[in-house]
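*Asks:* This is the structure I have questions about; it appears just below.
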Amino acid sequence: MKYIVVLGDGMADRKIAGLGNKTCLEAAATPTIDKLAPVSEIGLCKTVPEGFKPGSDVANMSVLGFAPQKYYTGRSPLEAVSMGIKLAPTDVTVRCNLVTLSDETDYAQKTMLDYSAGEISTGEAEQLITAVQQELGSESFAFYCGISYRHCLVVKNGAVGHELTPPHDISDKKITAHLPKGENAEIYLDFMRKSYDILSKHPVNLNRVRQGKKPANSIWLWGEGTKPALENFEKLRGKKGGVISAVDLVKGIGMLAGLKILEVDKITGNYDTNFQGKANAAADALLNGGLDFVYIHMEAPDECGHHGDYAHKVYSIEKIDGVIKTLIQRFESAGEQFAMLVCPDHPTPCAIKTHTSDAVPYLLYSSVKSLSSLQSETAGQRVRYTEYFAEQSGNYLPEGHKLIEKLFEIEL
């Protein structure tokens, strides 16, 4: 028996007027998932515990079976591990976004125009982070380049407990009330102010402006933490597993848990990613690579939600349906039985362009037997995998880290 998690980051949503008062899951054409839904267990799961911010770090950790209350020490160290940064126990890491701010003279009066600087390329970003490191880096503070707009600051013998706002939480808002607060707040704010002077004049950004693109004209610091210690996944769950993701955060969780990181060409973390490459890489690893479990993380719906782009969020969900179709075809052709969990980590409603901590809809499917607790029709509608039917099911799991246990309980 093989096991798969298909994680559509931020896939859940609220009803959208532009989609005929439907959610993105309701509006998407998902023929493969529609076939699975009537014979699957559908329900709601609380992936973000009370008292935690609804970040992809907390939520993905939860879906992978690690209770955030026990294991979570911050977002940035998870990414730092994936980037190959060696961390000492006393190091503090801070997520360093490249963002686009408005051009007011007073830094505190600027507006967060784009938390991702127009999805800046990694090649351009590397030049910008290198410039920041050359001007602002020291023995105590070091800037490291990651992927696209996602980078890292490592603070030697640092302090935690700062109030640092995720930039995607303040899209189109003035940054005035969201500047760093806490012990190193003045240092962090000074870095951010100085970075604007460095980056706004950098040739990479001057070229981006000439091309009509958004300049990555400032760094934004948030998501601090210290190195976590996750238990080995195979020892904990008895399954040899792997992770497929385009983002350092999820790869970092996988690496700390001893999961194999499966590399796929041309994956971007957005709706232009190589969806089919992910599907085939997962199938290859499970059918021919000796793995029992693969976690396929797809960032695209979340990115679209942050931009309020419901059309491409629907498109991304339809591409995820295609991933599931390919997986099923590959397993059926090989004569291999499997169980699958389909879910988001958290909702990212297009209307508010940020995460919420609402319970997420999940679908559990077995190729061996029906798991359904719903009638094939509910209130005159054929059962689908949507927020509505998840709520109607009456199935509710209050502890997100136990969802994977339900998956692994499915046996031949």
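Quick note on naming: the chains in the structure tokens go A, B, ... in the order shown, residues restart at 1 in each chain, and ligands are numbered from 1 in order of appearance.
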Can you list, as a ChimeraX atom specification, every protein, DNA or RNA residue that comes within 12 Å of Val368 (chain A) when you count only C-alpha atoms, leaving out same-chain residues fewer than 6 positions away?
*Replies:* /A:1-2,39-40,332,335-340,410-412
*Asks:* Could you pull out the strand (DSSP E or B) residues of region 115-192 of chain A, going by DSSP on the backbone, and write them as a tab-separated table (two decimals) with N, CA, C and O atoms, in the first residue's frame?
*Replies:*
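This went into selection.tsv:
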```
chain	number	residue	atom	x	y	z
A	141	PHE	N	25.49	39.60	11.57
A	141	PHE	CA	24.30	39.61	10.72
A	141	PHE	C	24.70	39.20	9.30
A	141	PHE	O	25.52	39.89	8.68
A	142	ALA	N	24.13	38.10	8.80
A	142	ALA	CA	24.48	37.62	7.46
A	142	ALA	C	23.22	37.35	6.65
A	142	ALA	O	22.29	36.69	7.12
A	143	PHE	N	23.20	37.87	5.42
A	143	PHE	CA	22.07	37.70	4.51
A	143	PHE	C	22.39	36.60	3.50
A	143	PHE	O	23.47	36.59	2.90
A	144	TYR	N	21.43	35.68	3.32
A	144	TYR	CA	21.61	34.55	2.40
A	144	TYR	C	20.50	34.56	1.35
A	144	TYR	O	19.33	34.82	1.66
A	145	CYS	N	20.89	34.24	0.11
A	145	CYS	CA	19.92	34.20	-0.99
A	145	CYS	C	19.19	32.86	-1.02
A	145	CYS	O	19.81	31.80	-0.89
A	146	GLY	N	17.88	32.93	-1.21
A	146	GLY	CA	17.07	31.74	-1.36
A	146	GLY	C	16.52	31.64	-2.78
A	146	GLY	O	17.27	31.71	-3.75
A	147	ILE	N	15.20	31.51	-2.88
A	147	ILE	CA	14.53	31.36	-4.18
A	147	ILE	C	13.56	32.53	-4.38
A	147	ILE	O	12.82	32.90	-3.46
A	150	ARG	N	12.19	35.01	-1.61
A	150	ARG	CA	12.29	34.44	-0.27
A	150	ARG	C	13.75	34.25	0.14
A	150	ARG	O	14.43	33.38	-0.40
A	151	HIS	N	14.22	35.01	1.14
A	151	HIS	CA	15.63	34.96	1.53
A	151	HIS	C	15.75	34.91	3.05
A	151	HIS	O	14.74	34.80	3.76
A	152	CYS	N	16.96	34.99	3.57
A	152	CYS	CA	17.17	34.71	4.99
A	152	CYS	C	18.24	35.63	5.59
A	152	CYS	O	19.27	35.88	4.97
A	153	LEU	N	17.98	36.08	6.80
A	153	LEU	CA	18.96	36.78	7.62
A	153	LEU	C	19.27	35.89	8.82
A	153	LEU	O	18.35	35.43	9.50
A	154	VAL	N	20.55	35.64	9.09
A	154	VAL	CA	20.97	34.88	10.27
A	154	VAL	C	21.64	35.82	11.25
A	154	VAL	O	22.57	36.57	10.89
A	155	VAL	N	21.15	35.80	12.48
A	155	VAL	CA	21.66	36.67	13.54
A	155	VAL	C	22.40	35.79	14.56
A	155	VAL	O	21.81	34.91	15.17
A	163	GLU	N	7.96	41.52	17.37
A	163	GLU	CA	6.70	41.61	16.64
A	163	GLU	C	7.04	41.98	15.20
A	163	GLU	O	7.39	43.12	14.90
A	174	LYS	N	-0.48	50.75	4.21
A	174	LYS	CA	0.70	51.47	4.71
A	174	LYS	C	1.42	50.60	5.73
A	174	LYS	O	0.79	49.90	6.52
A	181	LYS	N	9.04	45.58	16.02
A	181	LYS	CA	8.99	45.98	17.42
A	181	LYS	C	9.71	44.91	18.24
A	181	LYS	O	9.61	43.72	17.93
```
*Asks:* As an exercise, work out the distance from CA of Pro54 (chain A) to CA of Cys96 (chain A) in Å and give it to one decimal place.
*Replies:* 18.6 Å
*Asks:* Among region 245-303 of chain A, which residues carry a DSSP assignment of alpha helix (DSSP H), reported as a list in words?
*Replies:* Asp248, Leu249, Val250, Lys251, Gly252, Ile253, Gly254, Met255, Leu256, Phe275, Gln276, Gly277, Lys278, Ala279, Asn280, Ala281, Ala282, Ala283, Asp284, Ala285, Leu286, Leu287, Ala300, Pro301, Asp302 and Glu303 of chain A
*Asks:* Write out the residues from the selection above, keeping C-alpha atoms, as a short mmCIF file (atom, residue, chain, number, x, y, z; two decimals), in the first residue's frame.
*Replies:*
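Printed below is again19.cif as written:
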```cif
data_model
loop_
_atom_site.label_atom_id
_atom_site.label_comp_id
_atom_site.auth_asym_id
_atom_site.auth_seq_id
_atom_site.Cartn_x
_atom_site.Cartn_y
_atom_site.Cartn_z
CA ASP A 248 12.37 26.18 0.86
CA LEU A 249 9.92 26.16 3.76
CA VAL A 250 8.37 22.78 2.97
CA LYS A 251 11.65 21.27 1.84
CA GLY A 252 13.18 22.40 5.14
CA ILE A 253 10.47 20.63 7.14
CA GLY A 254 11.08 17.52 5.06
CA MET A 255 14.84 17.62 5.54
CA LEU A 256 14.54 18.06 9.31
CA PHE A 275 2.47 20.16 -12.32
CA GLN A 276 2.84 16.98 -14.37
CA GLY A 277 6.51 16.74 -13.50
CA LYS A 278 5.53 16.61 -9.84
CA ALA A 279 2.93 13.90 -10.50
CA ASN A 280 5.35 11.69 -12.38
CA ALA A 281 8.18 12.22 -9.90
CA ALA A 282 5.90 11.13 -7.07
CA ALA A 283 4.71 8.08 -8.97
CA ASP A 284 8.28 7.12 -9.92
CA ALA A 285 9.43 7.40 -6.30
CA LEU A 286 6.56 5.30 -5.01
CA LEU A 287 6.48 2.66 -7.74
CA ALA A 300 0.22 27.93 -6.75
CA PRO A 301 -3.26 28.42 -5.19
CA ASP A 302 -1.72 30.25 -2.24
CA GLU A 303 0.26 32.65 -4.43
#
```
*Asks:* Of the candidates A:Gly322, A:Gly212, A:Gly400, A:Pro166, which one gets nearest to Ser357 (chain A) if we count only C-alpha atoms?
*Replies:*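 Closest residue, counting only C-alpha atoms: A:Gly400.
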*Asks:* Expressed in Å to a single decimal, how great is the separation between CA of Cys304 (chain A) and CA of Gly269 (chain A)?
*Replies:* 10.4 Å
*Asks:* Can you tell me which residues surround Ser316 (chain A) at a distance of at most 9 Å, considering only C-alpha atoms, apart from same-chain residues fewer than 2 positions away, and format the answer as a PyMOL selection string?
*Replies:* chain A and resi 8+11+28+270-272+298+300-301+304+311-314+318-321
*Asks:* Skipping near chain neighbours, those fewer than 6 positions away, what residues fall within 8 Å of His168 (chain A) using only C-alpha atoms, listed as a list of chain:residue names?
*Replies:*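 So, after excluding close chain neighbours, the residues are A:Asp114, A:Tyr115, A:His306, A:Lys353, A:Thr354.
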*Asks:* Kindly provide the residues of region 314-372 of chain A that approach region 60-84 of chain A to within 9 Å, each paired with its closest atom pair and their distance in Å to one decimal, based on only C-alpha atoms, listed by chain and increasing number, as a Markdown table.
*Replies:*
```
| residue | atom | partner | partner_atom | distance |
| --- | --- | --- | --- | --- |
| A:Cys343 | CA | A:Val63 | CA | 8.8 |
| A:Pro344 | CA | A:Asn60 | CA | 8.8 |
| A:Asp345 | CA | A:Asn60 | CA | 5.6 |
| A:His346 | CA | A:Asn60 | CA | 8.6 |
```
*Asks:* Write the residues you've just listed into a file as a compact mmCIF listing (two decimals), in the first residue's frame, and include N, CA and C atoms for each of them.
*Replies:*
```txt
# COMPACT_ATOMS: atom_id res chain seq x y z
N CYS A 343 -5.82 18.00 0.44
CA CYS A 343 -6.23 19.08 1.34
C CYS A 343 -5.37 20.31 1.12
N PRO A 344 -5.83 21.48 1.59
CA PRO A 344 -4.96 22.64 1.71
C PRO A 344 -4.25 22.59 3.06
N ASP A 345 -3.29 23.46 3.25
CA ASP A 345 -2.72 23.62 4.58
C ASP A 345 -3.56 24.62 5.39
N HIS A 346 -4.03 25.65 4.72
CA HIS A 346 -4.86 26.71 5.31
C HIS A 346 -5.62 27.37 4.18
```
*Asks:* For Ala12 (chain A), which residue out of A:His355, A:His307, A:Lys235, A:Arg210 is the nearest one, using only C-alpha atoms?
*Replies:*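 Nearest to Ala12 (chain A): A:His355.
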*Asks:* Quick one: of A:Ile352, A:Asp103, A:Ser367, A:Leu259, who's nearest to Gln329 (chain A), counting only C-alpha atoms?
*Replies:*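 Counting only C-alpha atoms, the residue closest to Gln329 (chain A) is A:Ser367.
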*Asks:* Between A:Arg208, A:Arg382, A:Lys173, A:Arg14, which one has atoms that come closest to Ser102 (chain A), using only C-alpha atoms?
*Replies:*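 Looking at the shortest contact to Ser102 (chain A), the residue is A:Lys173.
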*Asks:* Within 12 Å of Lys214 (chain A), counting only C-alpha atoms, which residues show up once you throw out same-chain ones fewer than 2 positions away? Write them as a list of chain:residue names, please.
*Replies:*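 Listing them by chain and then by number gives A:Leu98, A:Val99, A:Thr100, A:Leu101, A:Ser102, A:Met112, A:Leu113, A:Asp114, A:Tyr115, A:Ser116, A:Ala117, A:Gly118, A:Glu119, A:Ile120, A:Ser121, A:Ser200, A:Val204, A:Asn205, A:Leu206, A:Asn207, A:Arg208, A:Val209, A:Arg210, A:Gln211, A:Gly212, A:Ala216, A:Asn217, A:Ser218.
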*Asks:* Report the distance between CA of Asn274 (chain A) and CA of Ala246 (chain A) in Å, rounded to one decimal place.
*Replies:*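 Taking CA of Asn274 (chain A) as the start and CA of Ala246 (chain A) as the end point, the length is 9.9 Å.
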*Asks:* Name the closest residue to Leu364 (chain A) among the candidates A:Ile33, A:Ala185, A:Ile129, A:Val264; distances are taken between atoms, counting only C-alpha atoms.
*Replies:*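 That would be A:Ile33, the residue with the smallest distance to Leu364 (chain A).
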